[in-house]
Each structure stands twice: as C-alpha cells, then as structure tokens.
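One structure below.
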Amino acid sequence: MSERAYWTETACRIAKPVLSHLADRTLRLRMPVEKKPGTQQERFTHLEAFARLLVGLSPWLELGETASAPWAVLALRSLDAITDPSSPDVGPFAEEGQPLVDAAFLAQALLRAPNALWHPLDPRVKRQVIAALKATRRTKPPFNNWLLFSAMVEVALFAFGENDWDKTRVDYALRQHGQWYLGDGVYGDGPSYHADYYNAFVIHPMLIDILSHVGDEGGWAKLFPHVWERAIRYAAQLERTISPEGAFPPLGRSLAYRFGCLQPLAQMALQKNLPDGVNPAQVRCAMTAVIRRMVEAPGTFDENGWLRIGFCGAQPGIGEDYISTGSLYLCSAAFLPLGLPDSAPFWSDPDQDWTSVKAWGGKSFAIDKAISV
C-alpha cells in the first residue's frame, strides 16, 4: 500500500462512524460518549466530532477525487443534519461556551473546501449554517486563543456574503495575537506562554486561514507576511520534534488530539510552503511514522471503530474536563496533505529521512536557527 493510500484508508476509517451516522441523523443514538466522570460534555460532543473531523478532511473533499466523492455527499448531508432545528442531531450552537469552538472549526472546514462543502448546499441548508454560526455570537470568548474562534466565524460569514459580519471581532483577535507573539514562531495563549500544542491546534492555522480569506479588509493584508513566516518557522520546529521512531514529546494539555498537533506542518505541505531545507518527502515520511504509531496502537479504536481517549492507545486518564469522544477527532487536522494529488512531490518523491533520523543516525543535517520576525 502506498503512503497516500494508507493515509486515505486511515482518514476514512476515522471518518466512517461519524459521517455515516450523522448523515442518517443517528449520531446521538449511536456514538458512545467517553468523558471524565462528572463532566457534561455529552451536550457538545457530537458537534465536536463532526466539525473537527471535517476541518482535516476538507482539502481532500475539495480535491474532488473519485474516492472522496461519496464522503463529500455524506458531509453535505451531515451539514444539514447538524444545523436543521428539526434534526435529532442538531448542534447546540446557541449554548454559551464550547459550541463557539466547534462552530469555528466548522467554519474553517467550509472555507477550506467551498466547492465541495458550501456551493453545493441547498439554499435552505446554507441559511441553517449561517444561522448556526451567528448563534454562537452570544459567547464572549476568553482572553486567549478563543478570540480566533470568534474571528473565524465572522470571516466565514464575510466569505459567504453576510453584510453584518463583525470586523471588530476579527480585528481584536488579530491585534491581540500580534501582541502575544513571543518570538521564533511561537505565540502566547493569551498574555502567558504555555508549553503545549495550541500554536498547532488553533493559533497558526486559524491566523493563516483568517488572513487568507479577508483580503485587504480592515487593512489586515500587511500582517500576512509576518504571520506566514512565523507559521513556516513553527512547522520547521514540529518537523524536528518527530523522533526516528515516529514519536513526539507529550507536552501540555489536550494530548488526546493525538497527531492533530502536526497541523501546521500539514498545512505548509498542502500550501507548498515548507521551510527551507525541508522537502515534502521527508515530511510525508515523518508524519506517516507518527500516524502509524498512534493509529495502530492497541485500544485507539473501540470495537465499533470510534476513537477512544488516549495519546498512544486507550489512556482515559489523560482526558481533561473538556475532553470527550467528539473532541478526539481533531486528529484529522494532520490529513490536510490529502488535498494534494498523487502526482504532487509530497506523495510521488522517493522516501527521505527526516531531520531527527539524520541527526541521530550520524548523518549530515541542517543547522537550526531562530527567526527575528
């Protein structure tokens, strides 16, 4: 099996229970909810599963391959099911708190695949989606990476032609993250530095996608070159964290998102802007090693194919209060390079050692250095 075939098979394995049940409006009925005892995450977990899954699958669906066509159909039906007020699987968009997060991931997915996931929608479903996104405005985001969730929702509304999109929420998020930038490709999560992967889960990818879709609205275009260079630098750091064995440091919170922390590296590969000296094949090989190690660990899936809480296998003890079964599907963010065709160098170039393989193998490897932007 080629590496692209393995990635596709793995993405479909992860996606199947979520999309097949949501498309049939049986997700709440069929999806098990694993969570920390005493928490109430079952209220949000189904929306989490769909939005987070779609944020990683969207470039593959947008590519329009024959293999992805049935999954795009399921995704379109699922968009109806999660936003239709009469659906048993309608998402809790109007509740305060968590729904803002996953409305933002849903918006990000739609922006990444407009031809597959937005334009084909029936006008009724488009109205439902718009109403769902606007319903999350009641949530006042905390003074941290959540500002980007509000901004992402507004940018999607702008992209979908809504005249009442809120520029202030976008401007506030962009300005604050500019102030929270700490140097060498790393942002604080709010005013403080946190040693975790939220630069990967949220900050870099959403900054890139927000600025990619607003053009020069608000005078924000001037921010893009610096945001872009910082994201490339962070991708370089991620590539170097992948050990020769396909492992990376289990730092910080939300480790149950597994290889979703590789999203900036995947995003730079998809957009063909990998760091200097990092070629697509070495990224493919490094990421494949991580995905294999995590996916194939015993206990990653339950007997019906649903993801289980864990970092490498089933490790329910690492699930924070906000973690439940649906949360885990943010791992799909690593699959962004499936949006590249078979012929792209990412898939077609011969295997290459990644940086840590070279370094620990006594081979020549590139010197690392910080950026000053």
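In the structure tokens, each chain is lettered A, B, ... as it comes, each chain's residues begin at 1, and ligands are numbered from 1 in order of appearance.
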
Shell around stretch 255-270 of chain A at 7 Å using only C-alpha atoms, local window under 5 positions removed, as a list in words
Tyr197, Ala200, Phe201, His204, Pro205, Ala231, Ile232, Ala235, Leu238, Pro250, Pro280, Ile291, Ile309, Gly310, Phe311, Ile318, Gly319, Leu328, Tyr329, Leu330, Cys331, Ser332, Ala333, Ala334, Phe335, Leu336, Pro337, Gly339 and Leu340 of chain A

Filtering to C-alpha atoms, could you give me those residues as a PDB file, in the first residue's frame?
ATOM      1  CA  TYR A 197       0.476  22.455  21.152  1.00  0.00           C
ATOM      2  CA  ALA A 200      -0.610  23.988  16.268  1.00  0.00           C
ATOM      3  CA  PHE A 201      -4.200  23.103  17.112  1.00  0.00           C
ATOM      4  CA  HIS A 204      -1.125  29.307  13.408  1.00  0.00           C
ATOM      5  CA  PRO A 205      -3.727  27.529  11.245  1.00  0.00           C
ATOM      6  CA  ALA A 231       3.922  29.626  10.715  1.00  0.00           C
ATOM      7  CA  ILE A 232       6.653  28.264   8.469  1.00  0.00           C
ATOM      8  CA  ALA A 235       6.341  23.967  11.060  1.00  0.00           C
ATOM      9  CA  LEU A 238       7.419  20.491  14.557  1.00  0.00           C
ATOM     10  CA  PRO A 250       3.798  14.605  25.123  1.00  0.00           C
ATOM     11  CA  PRO A 280       7.972  17.261   1.000  1.00  0.00           C
ATOM     12  CA  ILE A 291       0.275   8.403  12.267  1.00  0.00           C
ATOM     13  CA  ILE A 309      -9.435   8.892  24.690  1.00  0.00           C
ATOM     14  CA  GLY A 310      -5.681   8.497  24.671  1.00  0.00           C
ATOM     15  CA  PHE A 311      -2.373   9.686  23.285  1.00  0.00           C
ATOM     16  CA  ILE A 318      -5.259  12.000  30.053  1.00  0.00           C
ATOM     17  CA  GLY A 319      -8.695  13.397  29.214  1.00  0.00           C
ATOM     18  CA  LEU A 328     -10.651  13.419  19.668  1.00  0.00           C
ATOM     19  CA  TYR A 329     -11.481  13.942  16.003  1.00  0.00           C
ATOM     20  CA  LEU A 330      -9.212  16.975  15.823  1.00  0.00           C
ATOM     21  CA  CYS A 331      -6.539  14.411  14.966  1.00  0.00           C
ATOM     22  CA  SER A 332      -7.914  14.697  11.424  1.00  0.00           C
ATOM     23  CA  ALA A 333      -6.125  18.041  11.036  1.00  0.00           C
ATOM     24  CA  ALA A 334      -2.980  16.081  10.123  1.00  0.00           C
ATOM     25  CA  PHE A 335      -4.651  14.809   6.940  1.00  0.00           C
ATOM     26  CA  LEU A 336      -4.531  18.157   5.111  1.00  0.00           C
ATOM     27  CA  PRO A 337      -1.953  16.908   2.548  1.00  0.00           C
ATOM     28  CA  GLY A 339      -5.671  17.695  -0.678  1.00  0.00           C
ATOM     29  CA  LEU A 340      -2.597  17.204  -2.870  1.00  0.00           C
TER      30      LEU A 340
END

Exercise. Counting only C-alpha atoms, what is within 12 Å of stretch 156-170 of chain A, bar same-chain residues fewer than 3 positions away, as JSON, numbers by chain?
Worked result: {"A": [103, 104, 105, 106, 107, 108, 109, 110, 111, 112, 113, 114, 118, 119, 123, 126, 127, 129, 130, 131, 132, 133, 134, 135, 137, 139, 140, 141, 146, 147, 148, 149, 150, 151, 152, 153, 173, 174, 175, 176, 177, 206, 207, 209, 210, 211, 212, 213, 214, 215, 216, 217, 218, 219, 220]}

- Message: Excluding stretch 293-307 of chain A and its own-chain neighbours fewer than 6 positions away, which residues fall within 7 Å of it when counting only C-alpha atoms? Please give them as a VMD selection string.
- Response: chain A and resid 17 246 313 to 314 325 328

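Among the candidates A:Lys36, A:Ala195, A:Ala281, A:Phe93, the residue lying nearest to A:Gly317 is A:Lys36 (atoms considered: only C-alpha atoms).
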
Q | Who sits within 12 Å of A:Glu65, only C-alpha atoms, same chain under 2 positions skipped, as a PyMOL selection string | A | chain A and resi 8+59-63+67-72+116+338-342

Inset, instruction - List every residue of stretch 83-168 of chain A that DSSP, applied to the backbone of this structure, places in helix (DSSP H, G or I), and write the result as a ChimeraX atom specification. - result: /A:83,98-112,114-118,123-138,146-159,167-168

Which distance in Å separates atom CA of A:Asp196 and atom CA of A:Phe248, to one decimal?
->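 Atom CA of A:Asp196 sits 12.0 Å away from atom CA of A:Phe248.
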
Using only C-alpha atoms, which residues sit within 10 Å of A:Ala5 once same-chain residues fewer than 4 positions away are excluded, as a ChimeraX atom specification?
/A:1,9-11,338,342,347

Can those selected residues be exported to a file as a short mmCIF file (atom, residue, chain, number, x, y, z; two decimals), in the first residue's frame so that it contains N, CA and C atoms?
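File produced: out_2.cif:
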data_model
loop_
_atom_site.label_atom_id
_atom_site.label_comp_id
_atom_site.auth_asym_id
_atom_site.auth_seq_id
_atom_site.Cartn_x
_atom_site.Cartn_y
_atom_site.Cartn_z
N MET A 1 0.85 -1.19 0.00
CA MET A 1 0.00 0.00 0.00
C MET A 1 0.88 1.24 0.00
N GLU A 9 -6.95 5.55 3.64
CA GLU A 9 -7.64 4.48 4.36
C GLU A 9 -7.82 4.84 5.83
N THR A 10 -6.78 5.42 6.42
CA THR A 10 -6.85 5.80 7.84
C THR A 10 -7.86 6.93 8.05
N ALA A 11 -7.84 7.93 7.19
CA ALA A 11 -8.79 9.03 7.30
C ALA A 11 -10.22 8.51 7.18
N LEU A 338 -3.77 15.33 2.08
CA LEU A 338 -4.60 14.55 1.15
C LEU A 338 -5.24 15.45 0.11
N ASP A 342 -1.99 12.68 -6.31
CA ASP A 342 -0.94 11.64 -6.31
C ASP A 342 0.35 12.13 -6.93
N TRP A 347 3.68 13.27 -2.36
CA TRP A 347 3.35 11.84 -2.46
C TRP A 347 4.25 11.07 -3.40
#

### Message
I'd like the neighbourhood of A:Lys363 as a list of chain:residue names, where a residue qualifies if any of its atoms comes within 12 Å (using only C-alpha atoms), though same-chain residues fewer than 5 positions away should be ignored.
### Response
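Final neighbour list, sorted by chain and number: A:Asp353, A:Trp354, A:Thr355, A:Ser356, A:Val357, A:Lys358.
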
task = Provide the atom CA of A:Ser192 to atom CA of A:Arg138 distance in Å, to one decimal place.
result =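 Result for atom CA of A:Ser192 versus atom CA of A:Arg138: 25.8 Å, one decimal.
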
Selection: 12 Å around A:Gly183, only C-alpha atoms, excl. self and same-chain fewer than 4 positions, as a PDB file with N, CA and C atoms, in the first residue's frame:
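out04.pdb, freshly written:
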ATOM      1  N   HIS A 177      -3.274  38.788  19.068  1.00  0.00           N
ATOM      2  CA  HIS A 177      -2.270  37.754  18.812  1.00  0.00           C
ATOM      3  C   HIS A 177      -0.957  38.373  18.352  1.00  0.00           C
ATOM      4  N   GLY A 178      -1.030  39.503  17.677  1.00  0.00           N
ATOM      5  CA  GLY A 178       0.204  40.219  17.375  1.00  0.00           C
ATOM      6  C   GLY A 178       0.927  40.646  18.637  1.00  0.00           C
ATOM      7  N   GLN A 179       0.173  41.089  19.630  1.00  0.00           N
ATOM      8  CA  GLN A 179       0.774  41.483  20.905  1.00  0.00           C
ATOM      9  C   GLN A 179       1.269  40.281  21.703  1.00  0.00           C
ATOM     10  N   TYR A 187       3.516  31.908  19.677  1.00  0.00           N
ATOM     11  CA  TYR A 187       2.602  32.863  20.295  1.00  0.00           C
ATOM     12  C   TYR A 187       2.257  32.415  21.708  1.00  0.00           C
ATOM     13  N   GLY A 188       2.007  33.378  22.569  1.00  0.00           N
ATOM     14  CA  GLY A 188       1.410  33.052  23.850  1.00  0.00           C
ATOM     15  C   GLY A 188      -0.057  32.715  23.655  1.00  0.00           C
ATOM     16  N   TYR A 193       2.890  32.402  28.162  1.00  0.00           N
ATOM     17  CA  TYR A 193       3.376  31.274  27.366  1.00  0.00           C
ATOM     18  C   TYR A 193       2.924  29.969  28.004  1.00  0.00           C
ATOM     19  N   HIS A 226       4.285  38.432   7.946  1.00  0.00           N
ATOM     20  CA  HIS A 226       4.859  38.031   9.226  1.00  0.00           C
ATOM     21  C   HIS A 226       4.177  36.794   9.775  1.00  0.00           C
ATOM     22  N   VAL A 227       2.852  36.740   9.686  1.00  0.00           N
ATOM     23  CA  VAL A 227       2.117  35.562  10.160  1.00  0.00           C
ATOM     24  C   VAL A 227       2.552  34.323   9.390  1.00  0.00           C
ATOM     25  N   GLU A 229       5.475  33.798   7.778  1.00  0.00           N
ATOM     26  CA  GLU A 229       6.851  33.396   8.108  1.00  0.00           C
ATOM     27  C   GLU A 229       6.913  32.705   9.468  1.00  0.00           C
ATOM     28  N   ARG A 230       6.134  33.176  10.426  1.00  0.00           N
ATOM     29  CA  ARG A 230       6.106  32.548  11.747  1.00  0.00           C
ATOM     30  C   ARG A 230       5.538  31.140  11.685  1.00  0.00           C
ATOM     31  N   ALA A 231       4.515  30.956  10.857  1.00  0.00           N
ATOM     32  CA  ALA A 231       3.922  29.626  10.715  1.00  0.00           C
ATOM     33  C   ALA A 231       4.906  28.655  10.077  1.00  0.00           C
ATOM     34  N   ARG A 233       8.133  28.823  10.296  1.00  0.00           N
ATOM     35  CA  ARG A 233       9.137  28.526  11.330  1.00  0.00           C
ATOM     36  C   ARG A 233       8.599  27.509  12.333  1.00  0.00           C
ATOM     37  N   TYR A 234       7.348  27.654  12.728  1.00  0.00           N
ATOM     38  CA  TYR A 234       6.774  26.697  13.678  1.00  0.00           C
ATOM     39  C   TYR A 234       6.679  25.309  13.045  1.00  0.00           C
ATOM     40  N   ALA A 370      16.909  30.534  14.742  1.00  0.00           N
ATOM     41  CA  ALA A 370      15.681  31.269  15.027  1.00  0.00           C
ATOM     42  C   ALA A 370      15.393  32.294  13.928  1.00  0.00           C
ATOM     43  N   ILE A 371      14.156  32.757  13.899  1.00  0.00           N
ATOM     44  CA  ILE A 371      13.801  33.876  13.032  1.00  0.00           C
ATOM     45  C   ILE A 371      13.649  35.132  13.893  1.00  0.00           C
ATOM     46  N   SER A 372      13.782  36.272  13.276  1.00  0.00           N
ATOM     47  CA  SER A 372      13.722  37.533  14.028  1.00  0.00           C
ATOM     48  C   SER A 372      12.406  38.276  13.819  1.00  0.00           C
ATOM     49  N   VAL A 373      11.494  37.685  13.032  1.00  0.00           N
ATOM     50  CA  VAL A 373      10.228  38.350  12.711  1.00  0.00           C
ATOM     51  C   VAL A 373       9.181  38.058  13.780  1.00  0.00           C
TER      52      VAL A 373
END
